[in-house]
Amino acid sequence: MNQSNISNALKDAGLEILTCLQCGTCSGSCPSGRYTGMVTRKIIRKARVGEDILRDPDLWMCTTCYTCQERCPREIKIADAILTIRTIAVHEGIMLPAHRRVSELVIEHGHAVPINDAVKEKRKKLGMETLPETVHKYPEALADVQTLLKSCGFDKLAGSEI
Ligand code: SF4
Ligand code: SF4
């Protein structure tokens with residue numbers, strides 16, 4: 001997808017980023033930027049001017065906490081825009097290996113986080129049931145989960161066709 005397509009996709013989703021004045025309020029508010037090299041303002045700039053944002057690792061550093069979006073003086077839906085750009089990236093086959101692995105786990109097991117004895121023990125100590133209310137507890141639901149994932153094409157996007 002070329003740049004104008006990214007801009008158009010954002011516009012179609014009601015996400016206008018062209019009014020960004022590059023003030024940096026978003027970057028200064030970003031908790032993720034304190035611990036990573038991510039600069040939110042730069043992501044918005046790259047998305048505006050046509051640098052290859054889809055392959056920028058910083059795109060995946062956002063935790064979607066929405067702090068930037070609440071504070072942007074231009075009321076730009078920054079976190080929503082980042083999520084939309086990520087969606088475009090995934091549809092272009094661009095996904096971080098760790099995210100692909102988590103996707104595979106969901107497709108194979110219907111749950112993103114494996115539950116082993118150590119996790120069960122921790123849950124018990126916290127006063128929780130050893131198994132969460134997912135397919136771990138209801139394994140018969142796995143087929144339904146996989147049907148849903150297949151019907152929306154998620155398995156193909158993650159490269160693990162069911
Ligand atoms: S806070 Fe809003 S206007 Fe300022 S740099 Fe970030 S996106 Fe642009
Ligand atoms: S939503 Fe993402 S980019 Fe915005 S402040 Fe939170 S982590 Fe940073």
# chains A, B, ... in the order shown; residues from 1 in each chain; ligands from 1
>>> closest_atom_pairs(of="chain A", to="ligand 2", cutoff="8 Å", atoms="only C-alpha atoms and all ligand atoms", output="CSV")
residue,atom,partner,partner_atom_place_in_ligand_line,distance
A:Cys26,CA,ligand 2,5 (S),6.1
A:Ser27,CA,ligand 2,8 (Fe),6.8
A:Ser29,CA,ligand 2,5 (S),5.7
A:Cys30,CA,ligand 2,5 (S),3.6
A:Pro31,CA,ligand 2,8 (Fe),5.7
A:Ser32,CA,ligand 2,7 (S),4.9
A:Gly33,CA,ligand 2,8 (Fe),6.4
A:Val39,CA,ligand 2,3 (S),7.7
A:Thr40,CA,ligand 2,3 (S),5.1
A:Met61,CA,ligand 2,7 (S),7.0
A:Cys62,CA,ligand 2,2 (Fe),3.7
A:Thr63,CA,ligand 2,7 (S),4.3
A:Thr64,CA,ligand 2,1 (S),3.7
A:Cys65,CA,ligand 2,6 (Fe),3.9
A:Tyr66,CA,ligand 2,1 (S),3.8
A:Thr67,CA,ligand 2,5 (S),4.4
A:Cys68,CA,ligand 2,5 (S),4.2
A:Gln69,CA,ligand 2,4 (Fe),6.2
A:Ile78,CA,ligand 2,4 (Fe),6.5
A:Ala79,CA,ligand 2,1 (S),4.6
A:Ile82,CA,ligand 2,3 (S),7.6
>>> select_by_dssp(residues="stretch 39-73 of chain A", states="alpha helix (DSSP H)", output="list in words")
Thr40, Arg41, Lys42, Ile43, Ile44, Arg45, Lys46, Ala47, Arg48, Val49, Thr67, Cys68, Gln69, Glu70 and Arg71 of chain A
>>> residues_near_ligand(ligand="ligand 1", cutoff="8 Å", atoms="only C-alpha atoms and all ligand atoms", output="ChimeraX atom specification")
/A:17,19-27,40-42,44-45,68-69,71-78
>>> residues_around(residues="A:Ser103", least_positions_apart="6", cutoff="9 Å", atoms="only C-alpha atoms", output="list of chain:residue names")
A:Ala112, A:Phe154, A:Asp155, A:Ala158, A:Ser160
>>> closest_residue(among="A:Leu83, A:Val145, A:Leu96, A:Val119", to="A:Arg55", atoms="only C-alpha atoms")
A:Leu96
>>> closest_residue(among="A:Val135, A:Arg48, A:Gly159, A:Met38", to="A:Ser7", atoms="only C-alpha atoms")
A:Arg48
>>> residues_around(residues="A:Ala81", least_positions_apart="5", cutoff="10 Å", atoms="only C-alpha atoms", output="number ranges by chain")
A: 9-11, 13-17, 43-44, 47, 69, 76, 86-87
>>> write_last_selection(atoms="N, CA, C and O atoms", output="tab-separated table (two decimals), in the first residue's frame")
chain	number	residue	atom	x	y	z
A	9	ALA	N	-7.06	5.66	3.83
A	9	ALA	CA	-7.65	4.70	4.77
A	9	ALA	C	-7.93	5.37	6.10
A	9	ALA	O	-8.97	5.14	6.73
A	10	LEU	N	-7.00	6.23	6.55
A	10	LEU	CA	-7.22	6.95	7.81
A	10	LEU	C	-8.41	7.90	7.68
A	10	LEU	O	-9.24	7.99	8.57
A	11	LYS	N	-8.45	8.58	6.55
A	11	LYS	CA	-9.55	9.53	6.33
A	11	LYS	C	-10.88	8.78	6.30
A	11	LYS	O	-11.86	9.20	6.92
A	13	ALA	N	-11.64	6.17	7.76
A	13	ALA	CA	-11.99	5.73	9.12
A	13	ALA	C	-12.31	6.92	10.02
A	13	ALA	O	-12.49	6.77	11.23
A	14	GLY	N	-12.37	8.12	9.43
A	14	GLY	CA	-12.69	9.32	10.21
A	14	GLY	C	-11.52	9.81	11.03
A	14	GLY	O	-11.70	10.48	12.05
A	15	LEU	N	-10.30	9.46	10.59
A	15	LEU	CA	-9.12	9.81	11.37
A	15	LEU	C	-8.27	10.81	10.58
A	15	LEU	O	-7.51	10.44	9.71
A	16	GLU	N	-8.44	12.06	10.90
A	16	GLU	CA	-7.72	13.12	10.18
A	16	GLU	C	-6.41	13.42	10.91
A	16	GLU	O	-6.44	13.81	12.07
A	17	ILE	N	-5.28	13.21	10.24
A	17	ILE	CA	-4.00	13.50	10.91
A	17	ILE	C	-3.29	14.71	10.29
A	17	ILE	O	-2.27	15.14	10.79
A	43	ILE	N	5.61	9.20	14.53
A	43	ILE	CA	4.73	8.24	13.84
A	43	ILE	C	3.70	9.00	13.03
A	43	ILE	O	3.45	8.70	11.87
A	44	ILE	N	3.12	10.02	13.66
A	44	ILE	CA	2.10	10.82	12.95
A	44	ILE	C	2.75	11.55	11.76
A	44	ILE	O	2.19	11.60	10.66
A	47	ALA	N	3.39	9.09	8.96
A	47	ALA	CA	2.12	8.71	8.31
A	47	ALA	C	1.64	9.83	7.40
A	47	ALA	O	1.03	9.59	6.37
A	69	GLN	N	-4.14	10.68	22.91
A	69	GLN	CA	-5.40	11.04	22.25
A	69	GLN	C	-6.23	12.00	23.11
A	69	GLN	O	-6.86	12.91	22.61
A	76	ILE	N	-6.70	15.03	17.56
A	76	ILE	CA	-6.42	13.96	16.60
A	76	ILE	C	-6.57	12.62	17.32
A	76	ILE	O	-6.09	12.46	18.45
A	86	ARG	N	-1.67	-0.12	12.02
A	86	ARG	CA	-1.26	-1.50	12.32
A	86	ARG	C	-2.11	-2.51	11.53
A	86	ARG	O	-1.60	-3.51	11.03
A	87	THR	N	-3.41	-2.23	11.48
A	87	THR	CA	-4.30	-3.14	10.75
A	87	THR	C	-3.88	-3.21	9.28
A	87	THR	O	-3.83	-4.30	8.69
>>> closest_residue(among="A:Ile94, A:Leu149, A:Met128, A:Ile85", to="A:His111", atoms="only C-alpha atoms")
A:Leu149
>>> atom_distance(atom1="atom CA of A:Val113", atom2="atom CA of A:His136")
10.2 Å
>>> atom_distance(atom1="atom CA of A:Val49", atom2="atom CA of A:Arg34")
24.8 Å
>>> decode(residues="stretch 148-159 of chain A", atoms="all heavy atoms", output="PDB file, in the first residue's frame")
ATOM      1  N   LEU A 148     -14.846 -18.963  14.207  1.00  0.00           N
ATOM      2  CA  LEU A 148     -14.893 -17.490  14.161  1.00  0.00           C
ATOM      3  C   LEU A 148     -13.626 -16.920  13.533  1.00  0.00           C
ATOM      4  O   LEU A 148     -13.678 -16.026  12.682  1.00  0.00           O
ATOM      5  CB  LEU A 148     -15.064 -16.927  15.583  1.00  0.00           C
ATOM      6  CG  LEU A 148     -16.434 -17.083  16.215  1.00  0.00           C
ATOM      7  CD1 LEU A 148     -16.383 -16.700  17.680  1.00  0.00           C
ATOM      8  CD2 LEU A 148     -17.461 -16.211  15.503  1.00  0.00           C
ATOM      9  N   LEU A 149     -12.478 -17.449  13.960  1.00  0.00           N
ATOM     10  CA  LEU A 149     -11.204 -16.930  13.445  1.00  0.00           C
ATOM     11  C   LEU A 149     -11.074 -17.177  11.946  1.00  0.00           C
ATOM     12  O   LEU A 149     -10.567 -16.340  11.203  1.00  0.00           O
ATOM     13  CB  LEU A 149     -10.025 -17.588  14.190  1.00  0.00           C
ATOM     14  CG  LEU A 149      -9.921 -17.241  15.677  1.00  0.00           C
ATOM     15  CD1 LEU A 149      -8.830 -18.066  16.340  1.00  0.00           C
ATOM     16  CD2 LEU A 149      -9.636 -15.758  15.870  1.00  0.00           C
ATOM     17  N   LYS A 150     -11.583 -18.327  11.513  1.00  0.00           N
ATOM     18  CA  LYS A 150     -11.528 -18.648  10.087  1.00  0.00           C
ATOM     19  C   LYS A 150     -12.497 -17.775   9.296  1.00  0.00           C
ATOM     20  O   LYS A 150     -12.165 -17.263   8.226  1.00  0.00           O
ATOM     21  CB  LYS A 150     -11.865 -20.137   9.885  1.00  0.00           C
ATOM     22  CG  LYS A 150     -11.555 -20.646   8.488  1.00  0.00           C
ATOM     23  CD  LYS A 150     -11.803 -22.143   8.414  1.00  0.00           C
ATOM     24  CE  LYS A 150     -11.711 -22.667   7.001  1.00  0.00           C
ATOM     25  NZ  LYS A 150     -10.401 -22.480   6.385  1.00  0.00           N
ATOM     26  N   SER A 151     -13.687 -17.587   9.843  1.00  0.00           N
ATOM     27  CA  SER A 151     -14.704 -16.842   9.085  1.00  0.00           C
ATOM     28  C   SER A 151     -14.312 -15.379   8.907  1.00  0.00           C
ATOM     29  O   SER A 151     -14.721 -14.742   7.944  1.00  0.00           O
ATOM     30  CB  SER A 151     -16.077 -16.960   9.737  1.00  0.00           C
ATOM     31  OG  SER A 151     -16.042 -16.352  10.996  1.00  0.00           O
ATOM     32  N   CYS A 152     -13.498 -14.824   9.813  1.00  0.00           N
ATOM     33  CA  CYS A 152     -13.075 -13.431   9.617  1.00  0.00           C
ATOM     34  C   CYS A 152     -11.700 -13.355   8.945  1.00  0.00           C
ATOM     35  O   CYS A 152     -11.160 -12.266   8.744  1.00  0.00           O
ATOM     36  CB  CYS A 152     -13.074 -12.662  10.936  1.00  0.00           C
ATOM     37  SG  CYS A 152     -11.846 -13.206  12.106  1.00  0.00           S
ATOM     38  N   GLY A 153     -11.137 -14.512   8.596  1.00  0.00           N
ATOM     39  CA  GLY A 153      -9.873 -14.521   7.849  1.00  0.00           C
ATOM     40  C   GLY A 153      -8.643 -14.278   8.705  1.00  0.00           C
ATOM     41  O   GLY A 153      -7.542 -14.072   8.185  1.00  0.00           O
ATOM     42  N   PHE A 154      -8.808 -14.338  10.031  1.00  0.00           N
ATOM     43  CA  PHE A 154      -7.673 -14.067  10.911  1.00  0.00           C
ATOM     44  C   PHE A 154      -6.576 -15.129  10.754  1.00  0.00           C
ATOM     45  O   PHE A 154      -5.382 -14.819  10.817  1.00  0.00           O
ATOM     46  CB  PHE A 154      -8.145 -14.011  12.371  1.00  0.00           C
ATOM     47  CG  PHE A 154      -7.047 -13.671  13.347  1.00  0.00           C
ATOM     48  CD1 PHE A 154      -6.642 -12.354  13.504  1.00  0.00           C
ATOM     49  CD2 PHE A 154      -6.423 -14.655  14.087  1.00  0.00           C
ATOM     50  CE1 PHE A 154      -5.623 -12.032  14.378  1.00  0.00           C
ATOM     51  CE2 PHE A 154      -5.405 -14.341  14.980  1.00  0.00           C
ATOM     52  CZ  PHE A 154      -4.998 -13.017  15.128  1.00  0.00           C
ATOM     53  N   ASP A 155      -6.980 -16.369  10.536  1.00  0.00           N
ATOM     54  CA  ASP A 155      -5.980 -17.437  10.412  1.00  0.00           C
ATOM     55  C   ASP A 155      -5.072 -17.202   9.206  1.00  0.00           C
ATOM     56  O   ASP A 155      -3.857 -17.354   9.287  1.00  0.00           O
ATOM     57  CB  ASP A 155      -6.664 -18.822  10.330  1.00  0.00           C
ATOM     58  CG  ASP A 155      -7.634 -18.940   9.166  1.00  0.00           C
ATOM     59  OD1 ASP A 155      -8.223 -17.919   8.747  1.00  0.00           O
ATOM     60  OD2 ASP A 155      -7.803 -20.063   8.663  1.00  0.00           O
ATOM     61  N   LYS A 156      -5.653 -16.741   8.111  1.00  0.00           N
ATOM     62  CA  LYS A 156      -4.840 -16.457   6.913  1.00  0.00           C
ATOM     63  C   LYS A 156      -3.911 -15.287   7.160  1.00  0.00           C
ATOM     64  O   LYS A 156      -2.743 -15.313   6.763  1.00  0.00           O
ATOM     65  CB  LYS A 156      -5.762 -16.125   5.733  1.00  0.00           C
ATOM     66  CG  LYS A 156      -6.172 -17.340   4.933  1.00  0.00           C
ATOM     67  CD  LYS A 156      -6.798 -16.911   3.635  1.00  0.00           C
ATOM     68  CE  LYS A 156      -7.633 -18.063   3.103  1.00  0.00           C
ATOM     69  NZ  LYS A 156      -8.643 -17.631   2.166  1.00  0.00           N
ATOM     70  N   LEU A 157      -4.433 -14.234   7.817  1.00  0.00           N
ATOM     71  CA  LEU A 157      -3.595 -13.063   8.094  1.00  0.00           C
ATOM     72  C   LEU A 157      -2.383 -13.443   8.940  1.00  0.00           C
ATOM     73  O   LEU A 157      -1.297 -12.921   8.754  1.00  0.00           O
ATOM     74  CB  LEU A 157      -4.405 -12.004   8.860  1.00  0.00           C
ATOM     75  CG  LEU A 157      -5.346 -11.131   8.057  1.00  0.00           C
ATOM     76  CD1 LEU A 157      -6.085 -10.183   8.984  1.00  0.00           C
ATOM     77  CD2 LEU A 157      -4.607 -10.347   6.997  1.00  0.00           C
ATOM     78  N   ALA A 158      -2.606 -14.364   9.885  1.00  0.00           N
ATOM     79  CA  ALA A 158      -1.520 -14.752  10.775  1.00  0.00           C
ATOM     80  C   ALA A 158      -0.649 -15.847  10.150  1.00  0.00           C
ATOM     81  O   ALA A 158       0.349 -16.261  10.745  1.00  0.00           O
ATOM     82  CB  ALA A 158      -2.095 -15.239  12.102  1.00  0.00           C
ATOM     83  N   GLY A 159      -1.024 -16.301   8.967  1.00  0.00           N
ATOM     84  CA  GLY A 159      -0.213 -17.304   8.270  1.00  0.00           C
ATOM     85  C   GLY A 159      -0.381 -18.697   8.840  1.00  0.00           C
ATOM     86  O   GLY A 159       0.508 -19.539   8.700  1.00  0.00           O
TER      87      GLY A 159
END
